[in-house]
$ cat input.tsv   # TSV, N, CA and C atoms
chain	number	residue	atom	x	y	z
A	1	MET	N	12.69	279.62	-109.49
A	1	MET	CA	12.32	278.24	-109.25
A	1	MET	C	11.62	277.69	-110.50
A	2	GLU	N	12.01	276.52	-110.88
A	2	GLU	CA	11.37	275.88	-112.02
A	2	GLU	C	10.07	275.24	-111.58
A	3	ILE	N	9.05	275.41	-112.39
A	3	ILE	CA	7.79	274.73	-112.09
A	3	ILE	C	7.89	273.30	-112.56
A	4	TYR	N	8.41	273.10	-113.75
A	4	TYR	CA	8.58	271.77	-114.31
A	4	TYR	C	10.06	271.54	-114.52
A	5	GLY	N	10.62	270.56	-113.83
A	5	GLY	CA	11.98	270.14	-114.11
A	5	GLY	C	11.97	269.34	-115.40
A	6	LYS	N	13.14	269.08	-115.92
A	6	LYS	CA	13.23	268.33	-117.17
A	6	LYS	C	12.51	266.99	-117.11
A	7	GLU	N	12.54	266.35	-115.94
A	7	GLU	CA	11.89	265.05	-115.80
A	7	GLU	C	10.37	265.16	-115.83
A	8	ARG	N	9.82	266.36	-115.67
A	8	ARG	CA	8.36	266.55	-115.64
A	8	ARG	C	7.81	267.07	-116.97
A	9	LEU	N	8.65	267.50	-117.87
A	9	LEU	CA	8.18	268.07	-119.13
A	9	LEU	C	7.30	267.10	-119.92
A	10	SER	N	7.63	265.84	-119.88
A	10	SER	CA	6.84	264.86	-120.64
A	10	SER	C	5.45	264.66	-120.04
A	11	ASP	N	5.23	265.13	-118.81
A	11	ASP	CA	3.91	265.02	-118.17
A	11	ASP	C	2.94	266.13	-118.58
A	12	ILE	N	3.44	267.19	-119.15
A	12	ILE	CA	2.59	268.34	-119.48
A	12	ILE	C	1.42	267.96	-120.38
A	13	PRO	N	1.61	267.22	-121.47
A	13	PRO	CA	0.46	266.86	-122.32
A	13	PRO	C	-0.61	266.08	-121.55
A	14	ARG	N	-0.19	265.19	-120.66
A	14	ARG	CA	-1.14	264.41	-119.87
A	14	ARG	C	-1.94	265.32	-118.94
A	15	HIS	N	-1.27	266.26	-118.31
A	15	HIS	CA	-1.96	267.21	-117.43
A	15	HIS	C	-2.92	268.10	-118.22
A	16	LEU	N	-2.51	268.52	-119.40
A	16	LEU	CA	-3.38	269.35	-120.23
A	16	LEU	C	-4.63	268.58	-120.68
A	17	ARG	N	-4.45	267.30	-121.03
A	17	ARG	CA	-5.62	266.48	-121.40
A	17	ARG	C	-6.59	266.38	-120.22
A	18	ALA	N	-6.04	266.21	-119.03
A	18	ALA	CA	-6.90	266.12	-117.84
A	18	ALA	C	-7.65	267.42	-117.61
A	19	ILE	N	-7.01	268.55	-117.85
A	19	ILE	CA	-7.67	269.85	-117.69
A	19	ILE	C	-8.82	269.99	-118.69
A	20	VAL	N	-8.59	269.58	-119.93
A	20	VAL	CA	-9.63	269.65	-120.96
A	20	VAL	C	-10.82	268.76	-120.57
A	21	ILE	N	-10.53	267.55	-120.14
A	21	ILE	CA	-11.60	266.63	-119.74
A	21	ILE	C	-12.40	267.22	-118.58
A	22	ARG	N	-11.69	267.75	-117.58
A	22	ARG	CA	-12.40	268.32	-116.44
A	22	ARG	C	-13.27	269.50	-116.87
A	23	SER	N	-12.75	270.36	-117.70
A	23	SER	CA	-13.53	271.54	-118.11
A	23	SER	C	-14.76	271.13	-118.91
A	24	GLU	N	-14.63	270.15	-119.79
A	24	GLU	CA	-15.78	269.69	-120.56
A	24	GLU	C	-16.84	269.06	-119.65
A	25	ARG	N	-16.40	268.24	-118.72
A	25	ARG	CA	-17.35	267.60	-117.80
A	25	ARG	C	-17.94	268.62	-116.83
A	26	GLY	N	-17.12	269.55	-116.40
A	26	GLY	CA	-17.58	270.56	-115.45
A	26	GLY	C	-18.68	271.43	-116.01
A	27	ILE	N	-18.58	271.74	-117.29
A	27	ILE	CA	-19.62	272.54	-117.94
A	27	ILE	C	-20.95	271.78	-117.95
A	28	ALA	N	-20.86	270.51	-118.24
A	28	ALA	CA	-22.08	269.69	-118.35
A	28	ALA	C	-22.64	269.27	-116.99
A	29	HIS	N	-21.76	269.12	-115.99
A	29	HIS	CA	-22.17	268.59	-114.69
A	29	HIS	C	-21.48	269.37	-113.57
A	30	LEU	N	-21.89	270.60	-113.40
A	30	LEU	CA	-21.25	271.48	-112.43
A	30	LEU	C	-21.29	270.94	-111.00
A	31	GLU	N	-22.41	270.38	-110.60
A	31	GLU	CA	-22.53	269.86	-109.22
A	31	GLU	C	-21.58	268.70	-108.98
A	32	LYS	N	-21.43	267.82	-109.96
A	32	LYS	CA	-20.48	266.71	-109.82
A	32	LYS	C	-19.05	267.25	-109.70
A	33	ASP	N	-18.75	268.27	-110.50
A	33	ASP	CA	-17.42	268.87	-110.44
A	33	ASP	C	-17.16	269.47	-109.06
A	34	ARG	N	-18.14	270.14	-108.51
A	34	ARG	CA	-18.00	270.72	-107.17
A	34	ARG	C	-17.78	269.64	-106.12
A	35	ALA	N	-18.50	268.54	-106.23
A	35	ALA	CA	-18.34	267.45	-105.27
A	35	ALA	C	-16.94	266.85	-105.35
A	36	LYS	N	-16.45	266.71	-106.57
A	36	LYS	CA	-15.08	266.20	-106.75
A	36	LYS	C	-14.07	267.20	-106.20
A	37	ALA	N	-14.30	268.47	-106.44
A	37	ALA	CA	-13.39	269.50	-105.92
A	37	ALA	C	-13.36	269.47	-104.40
A	38	ASP	N	-14.49	269.19	-103.79
A	38	ASP	CA	-14.55	269.09	-102.33
A	38	ASP	C	-13.65	267.97	-101.81
A	39	ARG	N	-13.52	266.89	-102.58
A	39	ARG	CA	-12.64	265.78	-102.19
A	39	ARG	C	-11.19	266.20	-102.19
A	40	LEU	N	-10.85	267.14	-103.07
A	40	LEU	CA	-9.46	267.59	-103.17
A	40	LEU	C	-9.13	268.75	-102.23
A	41	ARG	N	-10.14	269.49	-101.82
A	41	ARG	CA	-9.93	270.72	-101.06
A	41	ARG	C	-9.00	270.55	-99.85
A	42	PRO	N	-9.17	269.54	-99.00
A	42	PRO	CA	-8.28	269.43	-97.84
A	42	PRO	C	-6.80	269.29	-98.23
A	43	PHE	N	-6.55	268.61	-99.33
A	43	PHE	CA	-5.17	268.40	-99.77
A	43	PHE	C	-4.61	269.65	-100.43
A	44	ASP	N	-5.44	270.37	-101.17
A	44	ASP	CA	-5.03	271.65	-101.73
A	44	ASP	C	-4.75	272.66	-100.62
A	45	ASP	N	-5.65	272.70	-99.62
A	45	ASP	CA	-5.48	273.63	-98.51
A	45	ASP	C	-4.19	273.33	-97.75
A	46	LYS	N	-3.91	272.05	-97.53
A	46	LYS	CA	-2.68	271.68	-96.81
A	46	LYS	C	-1.46	272.07	-97.62
A	47	LEU	N	-1.50	271.88	-98.92
A	47	LEU	CA	-0.38	272.27	-99.77
A	47	LEU	C	-0.16	273.77	-99.70
A	48	GLU	N	-1.23	274.53	-99.79
A	48	GLU	CA	-1.13	275.99	-99.70
A	48	GLU	C	-0.51	276.39	-98.36
A	49	GLU	N	-0.93	275.75	-97.30
A	49	GLU	CA	-0.38	276.03	-95.97
A	49	GLU	C	1.12	275.73	-95.94
A	50	MET	N	1.51	274.60	-96.50
A	50	MET	CA	2.93	274.23	-96.52
A	50	MET	C	3.75	275.24	-97.32
A	51	LEU	N	3.20	275.70	-98.44
A	51	LEU	CA	3.92	276.64	-99.29
A	51	LEU	C	4.00	278.03	-98.68
A	52	LYS	N	3.04	278.39	-97.82
A	52	LYS	CA	3.06	279.70	-97.17
A	52	LYS	C	4.05	279.76	-96.01
A	53	GLU	N	4.35	278.60	-95.45
A	53	GLU	CA	5.31	278.55	-94.36
A	53	GLU	C	6.65	279.09	-94.83
A	54	ALA	N	7.46	279.46	-93.88
A	54	ALA	CA	8.82	279.89	-94.23
A	54	ALA	C	9.48	278.76	-95.00
A	55	ALA	N	10.55	279.08	-95.68
A	55	ALA	CA	11.25	278.08	-96.48
A	55	ALA	C	11.48	276.82	-95.66
A	56	PRO	N	11.27	275.66	-96.27
A	56	PRO	CA	11.50	274.43	-95.53
A	56	PRO	C	12.89	274.42	-94.91
A	57	SER	N	12.96	273.87	-93.72
A	57	SER	CA	14.20	273.92	-92.97
A	57	SER	C	15.29	273.00	-93.50
A	58	SER	N	14.95	272.09	-94.37
A	58	SER	CA	15.95	271.19	-94.93
A	58	SER	C	15.63	270.90	-96.39
A	59	LYS	N	16.65	270.46	-97.10
A	59	LYS	CA	16.44	270.06	-98.49
A	59	LYS	C	15.49	268.87	-98.56
A	60	GLU	N	15.60	268.00	-97.57
A	60	GLU	CA	14.73	266.82	-97.52
A	60	GLU	C	13.26	267.23	-97.40
A	61	LYS	N	12.98	268.21	-96.55
A	61	LYS	CA	11.60	268.65	-96.37
A	61	LYS	C	11.10	269.36	-97.63
A	62	LYS	N	11.96	270.18	-98.22
A	62	LYS	CA	11.57	270.87	-99.46
A	62	LYS	C	11.22	269.85	-100.54
A	63	ARG	N	12.05	268.83	-100.66
A	63	ARG	CA	11.81	267.78	-101.65
A	63	ARG	C	10.51	267.04	-101.34
A	64	ALA	N	10.24	266.79	-100.06
A	64	ALA	CA	9.01	266.10	-99.66
A	64	ALA	C	7.78	266.93	-99.98
A	65	VAL	N	7.85	268.25	-99.78
A	65	VAL	CA	6.73	269.13	-100.11
A	65	VAL	C	6.49	269.13	-101.62
A	66	GLU	N	7.56	269.15	-102.39
A	66	GLU	CA	7.42	269.09	-103.85
A	66	GLU	C	6.80	267.76	-104.28
A	67	GLU	N	7.21	266.67	-103.65
A	67	GLU	CA	6.62	265.36	-103.96
A	67	GLU	C	5.13	265.36	-103.61
A	68	TYR	N	4.80	265.95	-102.48
A	68	TYR	CA	3.39	266.03	-102.08
A	68	TYR	C	2.59	266.83	-103.11
A	69	ALA	N	3.15	267.94	-103.57
A	69	ALA	CA	2.45	268.76	-104.56
A	69	ALA	C	2.16	267.95	-105.83
A	70	TRP	N	3.12	267.15	-106.27
A	70	TRP	CA	2.90	266.33	-107.46
A	70	TRP	C	1.92	265.20	-107.18
A	71	MET	N	1.93	264.69	-105.96
A	71	MET	CA	0.95	263.67	-105.59
A	71	MET	C	-0.47	264.25	-105.66
A	72	VAL	N	-0.63	265.48	-105.20
A	72	VAL	CA	-1.94	266.13	-105.26
A	72	VAL	C	-2.38	266.28	-106.72
A	73	GLU	N	-1.45	266.65	-107.59
A	73	GLU	CA	-1.79	266.79	-109.01
A	73	GLU	C	-2.20	265.45	-109.61
A	74	GLU	N	-1.51	264.40	-109.24
A	74	GLU	CA	-1.87	263.07	-109.75
A	74	GLU	C	-3.24	262.64	-109.21
A	75	TYR	N	-3.50	262.96	-107.95
A	75	TYR	CA	-4.80	262.64	-107.37
A	75	TYR	C	-5.90	263.42	-108.10
A	76	ARG	N	-5.60	264.68	-108.44
A	76	ARG	CA	-6.56	265.51	-109.18
A	76	ARG	C	-6.91	264.83	-110.51
A	77	ILE	N	-5.90	264.31	-111.19
A	77	ILE	CA	-6.16	263.61	-112.45
A	77	ILE	C	-7.04	262.39	-112.20
A	78	SER	N	-6.73	261.63	-111.16
A	78	SER	CA	-7.50	260.41	-110.90
A	78	SER	C	-8.96	260.71	-110.56
A	79	VAL	N	-9.21	261.87	-109.95
A	79	VAL	CA	-10.58	262.25	-109.58
A	79	VAL	C	-11.35	262.81	-110.77
A	80	PHE	N	-10.73	263.71	-111.52
A	80	PHE	CA	-11.45	264.41	-112.58
A	80	PHE	C	-11.34	263.77	-113.96
A	81	ALA	N	-10.30	263.00	-114.18
A	81	ALA	CA	-10.11	262.36	-115.50
A	81	ALA	C	-9.52	260.97	-115.30
A	82	PRO	N	-10.29	260.08	-114.68
A	82	PRO	CA	-9.74	258.76	-114.32
A	82	PRO	C	-9.29	257.91	-115.51
A	83	GLU	N	-9.73	258.25	-116.70
A	83	GLU	CA	-9.30	257.49	-117.87
A	83	GLU	C	-7.85	257.79	-118.25
A	84	ILE	N	-7.30	258.86	-117.70
A	84	ILE	CA	-5.89	259.18	-117.94
A	84	ILE	C	-5.07	258.51	-116.84
A	85	LYS	N	-4.08	257.77	-117.26
A	85	LYS	CA	-3.24	257.06	-116.28
A	85	LYS	C	-2.46	258.05	-115.42
A	86	THR	N	-2.39	257.71	-114.15
A	86	THR	CA	-1.57	258.51	-113.23
A	86	THR	C	-0.21	257.84	-113.08
A	87	LEU	N	0.71	258.60	-112.56
A	87	LEU	CA	2.05	258.06	-112.29
A	87	LEU	C	2.00	257.37	-110.93
A	88	GLY	N	1.52	256.17	-110.92
A	88	GLY	CA	1.38	255.43	-109.67
A	88	GLY	C	0.02	255.69	-109.04
A	89	HIS	N	-0.30	254.89	-108.05
A	89	HIS	CA	-1.58	255.00	-107.36
A	89	HIS	C	-1.48	256.09	-106.28
A	90	VAL	N	-2.40	257.02	-106.31
A	90	VAL	CA	-2.46	258.07	-105.29
A	90	VAL	C	-3.87	258.06	-104.70
A	91	SER	N	-3.92	258.02	-103.38
A	91	SER	CA	-5.20	257.95	-102.68
A	91	SER	C	-5.19	258.95	-101.53
A	92	PRO	N	-6.35	259.24	-100.97
A	92	PRO	CA	-6.37	260.11	-99.79
A	92	PRO	C	-5.48	259.59	-98.67
A	93	LYS	N	-5.45	258.28	-98.48
A	93	LYS	CA	-4.60	257.71	-97.43
A	93	LYS	C	-3.12	258.00	-97.70
A	94	LYS	N	-2.70	257.81	-98.94
A	94	LYS	CA	-1.29	258.08	-99.28
A	94	LYS	C	-0.97	259.56	-99.08
A	95	LEU	N	-1.91	260.42	-99.44
A	95	LEU	CA	-1.69	261.86	-99.26
A	95	LEU	C	-1.59	262.20	-97.76
A	96	LYS	N	-2.47	261.62	-96.96
A	96	LYS	CA	-2.43	261.86	-95.51
A	96	LYS	C	-1.13	261.33	-94.90
A	97	ASP	N	-0.68	260.18	-95.37
A	97	ASP	CA	0.59	259.63	-94.88
A	97	ASP	C	1.76	260.55	-95.23
A	98	LYS	N	1.73	261.12	-96.43
A	98	LYS	CA	2.80	262.03	-96.86
A	98	LYS	C	2.77	263.29	-96.00
A	99	ILE	N	1.58	263.81	-95.73
A	99	ILE	CA	1.45	264.99	-94.85
A	99	ILE	C	2.07	264.68	-93.48
A	100	ALA	N	1.74	263.53	-92.94
A	100	ALA	CA	2.27	263.14	-91.62
A	100	ALA	C	3.79	263.06	-91.65
A	101	ASP	N	4.34	262.49	-92.73
A	101	ASP	CA	5.79	262.41	-92.86
A	101	ASP	C	6.42	263.79	-92.89
A	102	ILE	N	5.81	264.71	-93.63
A	102	ILE	CA	6.35	266.07	-93.76
A	102	ILE	C	6.26	266.80	-92.43
A	103	GLU	N	5.17	266.62	-91.72
A	103	GLU	CA	4.97	267.37	-90.48
A	103	GLU	C	5.96	267.00	-89.39
A	104	ILE	N	6.56	265.82	-89.46
A	104	ILE	CA	7.55	265.46	-88.45
A	104	ILE	C	8.98	265.83	-88.85
A	105	MET	N	9.13	266.33	-90.08
A	105	MET	CA	10.47	266.75	-90.54
A	105	MET	C	10.85	268.08	-89.93
A	106	ILE	N	12.15	268.23	-89.76
A	106	ILE	CA	12.66	269.50	-89.23
A	106	ILE	C	12.96	270.44	-90.36
$ encode --input "input.tsv" --output "C-alpha cells"
Amino acid sequence: MEIYGKERLSDIPRHLRAIVIRSERGIAHLEKDRAKADRLRPFDDKLEEMLKEAAPSSKEKKRAVEEYAWMVEEYRISVFAPEIKTLGHVSPKKLKDKIADIEIMI
C-alpha cells in the first residue's frame, strides 16, 4: 500500500514544515502542545479504530477512510501550525460528519 500517492507527494514539504513548527513549539510550551494533542485525540483514536477493523467492505468505504485520515492530518496542521495553509477548511464538525458518513457505509 502506498502511503503517499502521486497526488500527495507535493504535500510532503508542507507536512514536514508543520512537524518542525510543532516540535519547536512543543519544546518551549509542552503544556500547550498537550492541550492541542487532546483536541486531536478523539479523531486519532477513531482513525486507529477504523484501520484496525477488517478490510473495508467496499472500495467506497476504503476511499472514505483514506479521506478521513487526510482530513485528520490537515486538522493537525491547523491546530499545531496554523500559519501553514491547509487543503481546505477542516474542523471538528467536518471530521465528525465524515465519521458519521463512514459508519453508515457497508
$ atom_distance --input "input.tsv" --atom1 "CA of Met71 (chain A)" --atom2 "atom N of His29 (chain A)"
25.6 Å
$ residues_around --input "input.tsv" --residues "Glu60 (chain A)" --least-positions-apart "3" --cutoff "12 Å" --atoms "only C-alpha atoms" --output "ChimeraX atom specification"
/A:55-57,63-67,101-102,104-106
$ closest_residue --input "input.tsv" --among "A:Leu40, A:Val72, A:Leu47, A:Ile77" --to "Arg22 (chain A)" --atoms "only C-alpha atoms"
A:Ile77
$ closest_residue --input "input.tsv" --among "A:Ile84, A:Ser91, A:Ile99, A:Lys61" --to "Ala18 (chain A)" --atoms "all atoms listed in the file"
A:Ile84
$ select_by_dssp --input "input.tsv" --residues "region 27-102 of chain A" --states "helix (DSSP H, G or I)" --output "VMD selection string"
chain A and resid 27 to 28 30 to 52 59 to 80 92 to 102
$ closest_residue --input "input.tsv" --among "A:Ile21, A:Leu9, A:Leu16, A:Ala69" --to "Asp45 (chain A)" --atoms "only C-alpha atoms"
A:Ala69
$ atom_distance --input "input.tsv" --atom1 "atom N of Arg76 (chain A)" --atom2 "atom N of Glu53 (chain A)"
21.5 Å
$ atom_distance --input "input.tsv" --atom1 "CA of Lys96 (chain A)" --atom2 "atom C of Lys6 (chain A)"
26.8 Å
$ closest_residue --input "input.tsv" --among "A:Trp70, A:Tyr75, A:Lys36, A:Ala28" --to "Pro92 (chain A)" --atoms "only N, CA and C atoms"
A:Tyr75
$ axis_aligned_box --input "input.tsv" --around "region 89-94 of chain A" --padding-each-side "8 Å" --output "JSON"
{"center_x": -3.3, "center_y": 257.5, "center_z": -102.7, "size_x": 22.1, "size_y": 21.2, "size_z": 26.6}
$ closest_residue --input "input.tsv" --among "A:Lys98, A:Glu48, A:Phe80, A:Leu87" --to "Arg25 (chain A)" --atoms "only C-alpha atoms"
A:Phe80
$ decode --input "input.tsv" --residues "region 76-89 of chain A" --atoms "N, CA and C atoms" --output "CSV table (one decimal), in the first residue's frame"
chain,number,residue,atom,x,y,z
A,76,ARG,N,-4.6,18.5,12.0
A,76,ARG,CA,-3.4,18.5,12.8
A,76,ARG,C,-2.6,19.7,12.5
A,77,ILE,N,-2.4,20.0,11.2
A,77,ILE,CA,-1.7,21.2,10.7
A,77,ILE,C,-2.4,22.4,11.2
A,78,SER,N,-3.7,22.5,11.1
A,78,SER,CA,-4.4,23.7,11.5
A,78,SER,C,-4.3,24.0,13.0
A,79,VAL,N,-4.2,22.9,13.8
A,79,VAL,CA,-4.0,23.1,15.2
A,79,VAL,C,-2.6,23.4,15.7
A,80,PHE,N,-1.6,22.7,15.1
A,80,PHE,CA,-0.3,22.9,15.6
A,80,PHE,C,0.6,23.9,14.8
A,81,ALA,N,0.2,24.2,13.6
A,81,ALA,CA,0.9,25.1,12.7
A,81,ALA,C,0.0,25.9,11.9
A,82,PRO,N,-0.9,26.7,12.5
A,82,PRO,CA,-2.0,27.4,11.8
A,82,PRO,C,-1.5,28.3,10.7
A,83,GLU,N,-0.2,28.7,10.7
A,83,GLU,CA,0.3,29.6,9.7
A,83,GLU,C,0.5,28.9,8.4
A,84,ILE,N,0.5,27.6,8.4
A,84,ILE,CA,0.7,26.8,7.2
A,84,ILE,C,-0.7,26.5,6.6
A,85,LYS,N,-0.9,26.9,5.4
A,85,LYS,CA,-2.3,26.7,4.8
A,85,LYS,C,-2.6,25.2,4.7
A,86,THR,N,-3.9,24.9,5.0
A,86,THR,CA,-4.4,23.6,4.9
A,86,THR,C,-5.1,23.4,3.5
A,87,LEU,N,-5.3,22.2,3.1
A,87,LEU,CA,-6.0,22.0,1.9
A,87,LEU,C,-7.5,22.0,2.2
A,88,GLY,N,-8.0,23.2,2.2
A,88,GLY,CA,-9.4,23.3,2.6
A,88,GLY,C,-9.6,23.5,4.1
A,89,HIS,N,-10.8,23.9,4.5
A,89,HIS,CA,-11.1,24.0,5.9
A,89,HIS,C,-11.5,22.7,6.5
